[in-house]
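J.: The structure file coords01.txt (compact mmCIF, C-alpha atoms) is provided below.
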```
# COMPACT_ATOMS: atom_id res chain seq x y z
CA MET A 1 15.43 -31.46 36.43
CA SER A 2 15.74 -29.58 39.71
CA ASN A 3 19.29 -28.67 38.80
CA LEU A 4 18.10 -27.32 35.44
CA VAL A 5 15.44 -25.24 37.23
CA TYR A 6 18.09 -23.98 39.66
CA LEU A 7 20.47 -23.14 36.80
CA MET A 8 17.82 -21.33 34.76
CA SER A 9 16.67 -19.39 37.81
CA SER A 10 20.20 -18.31 38.66
CA LEU A 11 21.00 -16.99 35.17
CA PRO A 12 20.49 -13.27 34.52
CA SER A 13 17.81 -12.38 31.99
CA LEU A 14 18.96 -11.32 28.51
CA SER A 15 17.69 -8.60 26.22
CA PHE A 16 18.78 -7.80 22.69
CA GLU A 17 21.72 -5.41 22.20
CA GLU A 18 22.40 -5.09 25.93
CA ILE A 19 25.88 -5.60 27.36
CA PRO A 20 26.13 -9.34 28.13
CA PRO A 21 25.51 -9.74 31.86
CA ILE A 22 27.52 -12.96 32.08
CA SER A 23 30.53 -14.31 30.21
CA LEU A 24 30.31 -17.45 28.12
CA SER A 25 32.92 -19.19 30.26
CA GLU A 26 30.96 -18.36 33.44
CA PHE A 27 27.81 -19.69 31.82
CA ASN A 28 29.58 -22.88 30.76
CA GLN A 29 31.05 -23.37 34.21
CA ASP A 30 27.66 -22.91 35.90
CA ALA A 31 26.06 -25.30 33.43
CA LYS A 32 28.81 -27.87 33.95
CA ASP A 33 28.35 -27.65 37.70
CA GLN A 34 24.59 -28.07 37.57
CA LEU A 35 23.87 -30.36 34.64
CA SER A 36 24.39 -34.04 34.13
CA GLY A 37 27.20 -35.04 31.79
CA LYS A 38 24.74 -35.98 29.07
CA HIS A 39 22.86 -32.69 29.27
CA PHE A 40 26.04 -30.67 29.42
CA GLN A 41 27.30 -32.46 26.31
CA ILE A 42 24.11 -31.50 24.47
CA LEU A 43 24.50 -27.91 25.60
CA GLU A 44 28.19 -27.83 24.66
CA SER A 45 27.43 -29.04 21.13
CA THR A 46 24.95 -26.20 20.66
CA ASP A 47 26.71 -23.34 18.97
CA ILE A 48 25.44 -20.41 16.96
CA GLN A 49 28.44 -20.66 14.64
CA MET A 50 27.06 -23.72 12.97
CA ASP A 51 28.97 -25.78 10.48
CA ILE A 52 26.30 -26.39 7.85
CA SER A 53 28.32 -29.15 6.26
CA ASN A 54 27.86 -31.06 9.54
CA THR A 55 24.24 -30.55 10.61
CA ALA A 56 23.77 -33.87 12.37
CA LYS A 57 23.89 -32.32 15.80
CA SER A 58 22.24 -33.31 18.98
CA GLY A 59 19.95 -30.89 20.76
CA SER A 60 16.81 -29.09 19.82
CA GLY A 61 15.53 -29.89 16.36
CA ALA A 62 13.87 -26.50 16.08
CA VAL A 63 17.11 -24.71 16.93
CA ASN A 64 19.10 -26.80 14.46
CA ILE A 65 16.52 -26.22 11.74
CA LEU A 66 16.55 -22.48 12.40
CA LEU A 67 20.34 -22.20 12.31
CA ASN A 68 20.62 -24.51 9.33
CA GLU A 69 18.09 -22.54 7.30
CA VAL A 70 19.58 -19.18 8.24
CA TYR A 71 23.07 -20.31 7.25
CA GLN A 72 21.72 -21.81 4.04
CA ASP A 73 20.21 -18.40 3.31
CA ILE A 74 23.52 -16.67 4.03
CA SER A 75 25.18 -19.06 1.62
CA GLU A 76 22.44 -18.38 -0.96
CA LEU A 77 22.86 -14.61 -0.54
CA ARG A 78 26.59 -15.00 -1.20
CA LYS A 79 26.00 -17.16 -4.29
CA ALA A 80 23.33 -14.78 -5.63
CA LYS A 81 25.65 -11.80 -5.25
CA ARG A 82 28.46 -13.69 -6.95
CA HIS A 83 26.21 -14.59 -9.89
CA ASN A 84 24.43 -11.24 -9.89
CA ARG A 85 20.95 -12.68 -9.44
CA GLN A 86 18.07 -12.40 -7.00
CA ALA A 87 18.55 -14.55 -3.89
CA LYS A 88 15.92 -17.19 -3.13
CA LEU A 89 15.72 -17.18 0.64
CA GLU A 90 14.10 -19.93 2.70
CA ARG A 91 13.95 -18.25 6.04
CA LEU A 92 15.52 -14.82 6.24
CA PRO A 93 13.23 -11.93 5.27
CA ILE A 94 14.87 -10.02 2.40
CA LEU A 95 14.64 -6.78 4.42
CA VAL A 96 17.12 -8.24 6.89
CA THR A 97 19.76 -8.26 4.18
CA ASN A 98 19.47 -4.52 3.43
CA GLY A 99 21.82 -1.83 4.69
CA ASN A 100 25.54 -1.75 5.24
CA PRO A 101 27.44 -4.87 6.37
CA LEU A 102 27.18 -3.92 10.06
CA MET A 103 23.44 -3.27 9.89
CA ARG A 104 22.99 -6.53 8.00
CA GLU A 105 24.78 -8.56 10.67
CA LYS A 106 22.79 -6.83 13.41
CA GLN A 107 19.51 -7.44 11.55
CA ILE A 108 20.36 -11.11 11.03
CA MET A 109 21.24 -11.43 14.73
CA HIS A 110 18.00 -9.67 15.66
CA TYR A 111 16.02 -12.01 13.43
CA LEU A 112 17.72 -15.02 15.04
CA TRP A 113 16.97 -13.58 18.48
CA GLU A 114 13.27 -13.24 17.71
CA GLU A 115 13.10 -16.72 16.21
CA LEU A 116 14.85 -18.12 19.29
CA ASP A 117 12.26 -16.31 21.44
CA SER A 118 9.48 -18.11 19.61
CA ILE A 119 11.27 -21.47 19.95
CA GLU A 120 11.66 -21.16 23.73
CA SER A 121 8.16 -19.86 24.45
CA GLY A 122 6.15 -22.34 26.49
CA LYS A 123 9.24 -24.44 27.23
CA ARG A 124 10.12 -23.18 30.69
CA PHE A 125 12.93 -24.96 32.48
CA SER A 126 13.75 -27.22 29.57
CA MET A 127 16.99 -28.03 27.77
CA THR A 128 15.60 -26.10 24.79
CA GLU A 129 15.29 -22.99 26.92
CA LEU A 130 18.85 -23.47 28.18
CA MET A 131 20.19 -23.94 24.65
CA VAL A 132 18.32 -20.85 23.49
CA TYR A 133 19.84 -18.97 26.43
CA LYS A 134 23.32 -20.01 25.33
CA LEU A 135 22.67 -18.97 21.73
CA LYS A 136 21.30 -15.62 22.84
CA LEU A 137 24.32 -15.09 25.05
CA GLN A 138 26.55 -15.86 22.06
CA ILE A 139 24.58 -13.30 20.03
CA LEU A 140 25.07 -10.67 22.73
CA TRP A 141 28.81 -11.36 22.95
CA ARG A 142 29.10 -11.14 19.22
CA LEU A 143 27.20 -7.84 19.07
CA SER A 144 29.28 -6.46 21.92
CA SER A 145 32.44 -7.24 19.95
CA PHE A 146 31.40 -4.79 17.22
CA ASN A 147 33.41 -1.69 18.01
CA THR A 148 34.30 1.16 15.66
CA ASP A 149 37.81 1.80 17.03
CA ALA A 150 38.68 -1.88 17.27
CA GLY A 151 37.27 -2.48 13.76
CA ALA A 152 39.28 0.43 12.34
CA ALA A 153 42.39 -1.00 14.00
CA VAL A 154 41.72 -4.38 12.38
CA LEU A 155 41.32 -2.72 8.97
CA ASP A 156 44.55 -0.78 9.51
CA SER A 157 46.42 -3.90 10.57
CA VAL A 158 45.58 -5.54 7.23
CA VAL A 159 45.80 -2.52 4.93
CA ASN A 160 48.72 -0.76 6.60
CA PRO A 161 50.77 -3.33 8.53
CA SER A 162 53.64 -0.83 9.07
CA LYS A 163 51.24 1.31 11.12
CA LYS A 164 50.45 -1.73 13.22
CA GLU A 165 54.16 -2.33 13.82
CA GLU A 166 54.61 1.32 14.83
CA VAL A 167 51.79 0.99 17.36
CA GLN A 168 53.37 -2.15 18.79
CA MET B 1 88.85 30.65 -11.51
CA ALA B 2 91.65 30.99 -9.01
CA GLY B 3 94.35 28.42 -9.67
CA LEU B 4 93.24 27.86 -13.26
CA LYS B 5 96.31 26.98 -15.26
CA ILE B 6 96.15 28.17 -18.84
CA LYS B 7 98.42 27.27 -21.68
CA TYR B 8 98.77 30.41 -23.74
CA THR B 9 98.78 28.75 -27.11
CA LYS B 10 96.60 28.90 -30.17
CA THR B 11 95.91 25.18 -29.81
CA GLU B 12 94.69 25.71 -26.25
CA ARG B 13 92.51 28.62 -27.39
CA ALA B 14 90.96 26.35 -30.05
CA ARG B 15 90.42 23.67 -27.43
CA GLN B 16 88.75 26.11 -25.03
CA LYS B 17 86.54 27.41 -27.86
CA LYS B 18 85.45 23.85 -28.56
CA ILE B 19 84.70 23.28 -24.85
CA LEU B 20 82.65 26.50 -24.79
CA LYS B 21 80.71 25.53 -27.89
CA VAL B 22 79.90 22.04 -26.59
CA SER B 23 79.03 23.36 -23.11
CA GLU B 24 76.71 26.02 -24.50
CA ARG B 25 75.00 23.35 -26.55
CA MET B 26 74.73 20.90 -23.61
CA LEU B 27 73.50 23.37 -20.99
CA PRO B 28 69.98 23.85 -22.48
CA LEU B 29 69.67 20.07 -22.83
CA PHE B 30 70.45 19.53 -19.15
CA GLU B 31 68.16 22.42 -18.20
CA ALA B 32 65.35 20.82 -20.21
CA MET B 33 66.10 17.47 -18.55
CA GLU B 34 65.96 19.15 -15.13
CA LYS B 35 62.57 20.70 -15.96
CA SER B 36 61.25 17.40 -17.27
CA LEU B 37 62.40 15.53 -14.15
CA MET B 38 60.89 18.18 -11.87
CA ALA B 39 57.61 18.04 -13.79
CA SER B 40 57.58 14.24 -13.52
CA VAL B 41 58.29 14.32 -9.78
CA ASN B 42 55.52 16.90 -9.32
CA SER B 43 52.98 14.93 -11.34
CA ILE B 44 53.86 11.71 -9.45
CA SER B 45 53.49 13.58 -6.14
CA GLU B 46 50.08 14.83 -7.28
CA ARG B 47 49.07 11.28 -8.22
CA ILE B 48 50.15 10.09 -4.75
CA GLU B 49 47.96 12.79 -3.21
CA GLU B 50 45.02 11.71 -5.40
CA ILE B 51 45.47 8.09 -4.30
CA ARG B 52 45.72 9.14 -0.64
CA GLU B 53 42.44 11.02 -1.04
CA GLN B 54 40.89 7.92 -2.62
CA ILE B 55 42.11 5.80 0.32
CA GLU B 56 40.63 8.33 2.74
CA GLN B 57 37.32 8.38 0.83
CA ASN B 58 37.15 4.57 0.95
CA ARG B 59 37.94 4.67 4.67
CA LEU B 60 35.23 7.26 5.29
CA ALA B 61 32.74 5.27 3.21
CA ALA B 62 33.41 2.24 5.43
CA ARG B 63 33.30 4.25 8.68
CA ASP B 64 29.64 3.39 9.27
CA TRP B 65 30.27 -0.32 9.22
CA VAL B 66 33.94 -0.73 10.16
CA ALA B 67 32.87 -1.80 13.67
CA VAL B 68 31.88 -5.20 12.26
CA MET B 69 35.55 -5.93 11.51
CA SER B 70 36.18 -6.52 15.20
CA ASP B 71 33.64 -9.39 15.05
CA SER B 72 34.64 -11.98 17.65
CA TRP B 73 33.58 -14.73 15.24
CA VAL B 74 36.00 -13.83 12.44
CA ASP B 75 39.68 -12.94 12.13
CA ILE B 76 39.57 -11.09 8.83
CA SER B 77 43.37 -10.90 8.58
CA ASN B 78 43.39 -14.64 7.84
CA PHE B 79 41.36 -14.11 4.67
CA ILE B 80 43.64 -11.83 2.69
CA SER B 81 47.33 -11.23 2.18
CA ILE B 82 49.56 -9.98 -0.63
CA ASN B 83 51.50 -12.50 -2.68
CA LYS B 84 53.34 -9.91 -4.70
CA ILE B 85 53.06 -6.51 -6.31
CA ILE B 86 53.24 -6.73 -10.10
CA SER B 87 54.97 -3.87 -11.91
CA LYS B 88 56.61 -3.28 -15.27
CA PRO B 89 59.69 -1.22 -16.19
CA VAL B 90 59.02 2.07 -17.99
CA ASP B 91 61.03 5.17 -18.83
CA VAL B 92 59.96 8.37 -17.08
CA ALA B 93 61.93 11.46 -18.14
CA GLY B 94 64.71 9.17 -19.31
CA VAL B 95 64.90 7.21 -16.06
CA ARG B 96 64.03 3.52 -15.89
CA VAL B 97 61.43 3.02 -13.12
CA GLN B 98 58.88 0.36 -12.14
CA GLN B 99 55.26 1.18 -13.00
CA PHE B 100 52.49 -0.35 -10.86
CA GLU B 101 50.36 -2.93 -12.67
CA SER B 102 48.38 -4.90 -10.10
CA VAL B 103 48.53 -6.83 -6.85
CA ASP B 104 48.48 -10.60 -6.70
CA PHE B 105 46.39 -11.45 -3.62
CA GLU B 106 46.36 -14.64 -1.58
CA LEU B 107 42.69 -15.10 -0.71
CA MET B 108 41.43 -17.76 1.68
CA PRO B 109 38.26 -19.46 0.41
CA ILE B 110 35.17 -18.12 2.19
CA GLY B 111 33.16 -20.86 3.92
CA GLU B 112 29.39 -20.92 3.40
CA GLU B 113 28.69 -20.08 7.03
CA THR B 114 31.15 -17.17 7.08
CA PRO B 115 29.36 -13.90 7.92
CA LEU B 116 28.39 -11.85 4.88
CA TRP B 117 30.38 -8.79 5.93
CA VAL B 118 33.62 -10.69 5.21
CA ASP B 119 32.92 -10.40 1.45
CA ASP B 120 32.54 -6.60 1.71
CA ALA B 121 35.60 -6.30 3.93
CA ILE B 122 37.73 -8.27 1.46
CA ILE B 123 36.63 -6.02 -1.43
CA LEU B 124 37.44 -2.92 0.63
CA MET B 125 40.81 -4.33 1.74
CA GLN B 126 41.72 -5.31 -1.82
CA ASN B 127 40.97 -1.75 -3.00
CA GLN B 128 42.96 -0.17 -0.19
CA LEU B 129 45.90 -2.56 -0.57
CA GLN B 130 46.04 -1.93 -4.34
CA LEU B 131 46.06 1.83 -3.76
CA MET B 132 48.75 1.51 -1.08
CA ALA B 133 50.85 -0.66 -3.40
CA GLU B 134 50.51 1.95 -6.15
CA ILE B 135 51.69 4.64 -3.73
CA LYS B 136 54.69 2.47 -2.82
CA CYS B 137 55.65 2.10 -6.50
CA LEU B 138 55.22 5.84 -7.09
CA GLN B 139 57.35 6.69 -4.04
CA GLU B 140 60.10 4.44 -5.38
CA GLN B 141 59.83 6.24 -8.73
CA ILE B 142 60.26 9.59 -6.97
CA VAL B 143 63.40 8.34 -5.19
CA LEU B 144 64.97 7.31 -8.53
CA LEU B 145 63.88 10.51 -10.29
CA GLU B 146 65.21 12.68 -7.46
CA GLU B 147 68.57 10.91 -7.60
CA GLU B 148 68.70 11.67 -11.32
CA LEU B 149 67.52 15.24 -10.68
CA LEU B 150 70.40 15.81 -8.24
CA ASP B 151 72.84 14.52 -10.83
CA VAL B 152 71.39 16.73 -13.59
CA ARG B 153 71.35 19.80 -11.31
CA ALA B 154 75.01 19.22 -10.49
CA ARG B 155 75.75 19.10 -14.21
CA VAL B 156 73.79 22.31 -14.88
CA LYS B 157 75.71 24.06 -12.10
CA LEU B 158 78.97 22.68 -13.45
CA PHE B 159 78.26 24.10 -16.90
CA GLU B 160 76.80 27.39 -15.63
CA ASN B 161 79.36 28.15 -12.93
CA ARG B 162 82.53 26.38 -14.04
CA ARG B 163 82.87 25.14 -17.58
CA ILE B 164 81.37 28.04 -19.54
CA PRO B 165 82.86 30.91 -17.45
CA ASN B 166 86.25 29.15 -17.28
CA ALA B 167 86.33 28.58 -21.03
CA LYS B 168 85.33 32.23 -21.67
CA ILE B 169 88.05 33.53 -19.32
CA ALA B 170 90.63 31.19 -20.81
CA ILE B 171 89.75 32.28 -24.36
CA ARG B 172 89.94 35.98 -23.34
CA LYS B 173 93.25 35.59 -21.51
CA ILE B 174 94.84 33.50 -24.25
CA GLY B 175 93.62 36.08 -26.81
CA GLN B 176 95.15 38.94 -24.80
CA LYS B 177 98.40 37.07 -24.30
CA LEU B 178 98.66 36.16 -27.97
CA GLN B 179 97.95 39.81 -28.94
CA ASP B 180 100.59 41.03 -26.48
CA ASP B 181 103.08 38.52 -27.86
CA GLU B 182 102.29 39.67 -31.40
CA ARG B 183 102.75 43.36 -30.48
CA LEU B 184 106.00 42.53 -28.72
CA THR B 185 107.25 40.62 -31.75
CA ILE B 186 106.37 43.53 -34.05
CA ALA B 187 107.98 46.07 -31.72
CA THR B 188 111.12 43.93 -31.42
CA ALA B 189 111.27 43.55 -35.18
CA LYS B 190 110.95 47.32 -35.61
CA VAL B 191 113.74 47.94 -33.09
CA VAL B 192 115.98 45.40 -34.84
CA LYS B 193 115.17 46.92 -38.22
CA THR B 194 115.91 50.47 -36.98
CA SER B 195 119.22 49.44 -35.41
CA LYS B 196 120.27 47.59 -38.59
CA GLN B 197 119.42 50.67 -40.67
CA LYS B 198 121.55 52.81 -38.32
CA GLU B 199 124.46 50.40 -38.68
CA LEU B 200 124.25 50.48 -42.48
CA SER B 201 123.94 54.25 -42.81
CA PRO B 202 127.37 56.14 -43.17
```
Would you write the structure of this file as structure tokens?
T.:
Amino acid sequence: MSNLVYLMSSLPSLSFEEIPPISLSEFNQDAKDQLSGKHFQILESTDIQMDISNTAKSGSGAVNILLNEVYQDISELRKAKRHNRQAKLERLPILVTNGNPLMREKQIMHYLWEELDSIESGKRFSMTELMVYKLKLQILWRLSSFNTDAGAAVLDSVVNPSKKEEVQ
Amino acid sequence: MAGLKIKYTKTERARQKKILKVSERMLPLFEAMEKSLMASVNSISERIEEIREQIEQNRLAARDWVAVMSDSWVDISNFISINKIISKPVDVAGVRVQQFESVDFELMPIGEETPLWVDDAIILMQNQLQLMAEIKCLQEQIVLLEEELLDVRARVKLFENRRIPNAKIAIRKIGQKLQDDERLTIATAKVVKTSKQKELSP
């Protein structure tokens, strides 16, 4: 417990859309150093990129439920679009799905962030708080990977591979 | 014309007249073919420009959200690739070329948890790849049409600068030579006749 308190106290605070103050590998290393094997295993199995076909995960039930429902909604949105019908969403507010693809991803991440905030409130120095921290850090790293120039280069590399070869 | 060897015979004159007649009939055909090929090349070039504008418009339309394609969670290049470009043979200005039909894509199934932007990106990439493939087909058409255009232009020049002028010169020269020969024959005959008459007279 004292190690968990020490770990949580040593981690920098996170706020939405800021540049991540710590890398995921640094976070994992710190957690590995401070946590017991069992706790670290729980933390390691927590991942925002959830495989909804395999939801039997250890860790916080509330976190798993949140991620599971959000991914179910993403799946439902995809199906609804494919079949040209209105999506029936369990968790995501429909407003989150408006806008261009970039805005949509940011809005979904923002929604997840706020939901994670509500999950961790009142659970100071707990494994839930640590898992939420990891998920938030993953969100920040994902958001920081969105870059116009890099995205345009990715598009070019698929659409115009000769251009990519020329650059290389 | 220098070095042109002419047989000064009536048969050769007839042959040259035939060459002139055929050449004068063929020249407008080749000129029409040249115009048709040039028009085709121009219209294909215009179509390429239109497609390039379309590609640029699509790119600009995606500019506001293209940043998402560098998502650290997804490697979009794994989701789409081209199997093959489908085209069919058609005749353009008398030249057999391949006309773009469609693109057969290899699409990786999208998992349920895959971010939603992947669907939009695949649609955009399919559009852009189809347009690029059409440009490729059109550029290949231009290469074939330009090869044919060079050939036709060479023929037009051959008829305009060599065949027709040469035949005309040959016909004129043979005509002059034959006339000279005829005058010479008549003059010789007259001389012979006069000398015979002198011999016979007492």
J.: From the options B:Asp181, B:Glu34, B:Asp64, B:Asp71, which residue's atoms come nearest to Val152 in chain B, counting only C-alpha atoms?
T.: B:Glu34
J.: Rank nothing, just name the residue among B:Val118, B:Met69, B:Val41, B:Met108 nearest to Val92 in chain B, using all atoms listed in the file.
T.: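 For Val92 in chain B, the nearest of the candidates is B:Val41.
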J.: Kindly give the distance, in Å, that separates CA of Ser70 in chain B and CA of Gly151 in chain A, rounded to a single decimal.
T.: 4.4 Å
J.: Counting all atoms listed in the file, which residues from chain A have an atom at most 7 Å from any atom of chain B, and could you show them as a list in words?
T.: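 In the required form, that comes to Asp51, Ile52, Tyr71, Ile74, Ser75, Asn100, Pro101, Leu102, Arg142, Ser145, Phe146, Asn147, Thr148, Asp149, Ala150, Gly151, Ala152, Val154, Val158 and Val159 of chain A.
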J.: Please measure the separation of CA of Ile42 in chain A and CA of Arg91 in chain A, giving the value in Å to one decimal.
T.: 24.9 Å
J.: What separation in Å, quoted to one decimal, exists between CA of Asn160 in chain A and CA of Gly99 in chain A?
T.: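 About the pair CA of Asn160 in chain A and CA of Gly99 in chain A: they are 27.0 Å apart.
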J.: If you count only C-alpha atoms, which residues fall within 10 Å of Leu137 in chain A, apart from same-chain ones fewer than 4 positions away, as a ChimeraX atom specification?
T.: /A:13-16,19-24,27,48,113,131-133,141-143
J.: Nearest to Arg155 in chain B among B:Gln139, B:Gln54, B:Ser23, B:Thr11, with distances taken over only C-alpha atoms: which residue is it?
T.: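 Answer, going by the shortest atom-to-atom distance: B:Ser23.
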J.: Name all residues at most 10 Å from Asn42 in chain B (count all atoms listed in the file; drop same-chain ones fewer than 6 positions away) and give them as a compact mmCIF listing (two decimals) with C-alpha atoms, in the frame of the given file.
T.:
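Final output, result_39.txt:
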```txt
# COMPACT_ATOMS: atom_id res chain seq x y z
CA SER B 36 61.25 17.40 -17.27
CA ILE B 48 50.15 10.09 -4.75
CA ILE B 142 60.26 9.59 -6.97
```
J.: Of the candidates B:Arg153, B:Arg52, B:Arg96, B:Lys193, which one gets nearest to Glu134 in chain B if we count all atoms listed in the file?
T.: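 Closest to Glu134 in chain B, using all atoms listed in the file: B:Arg52.
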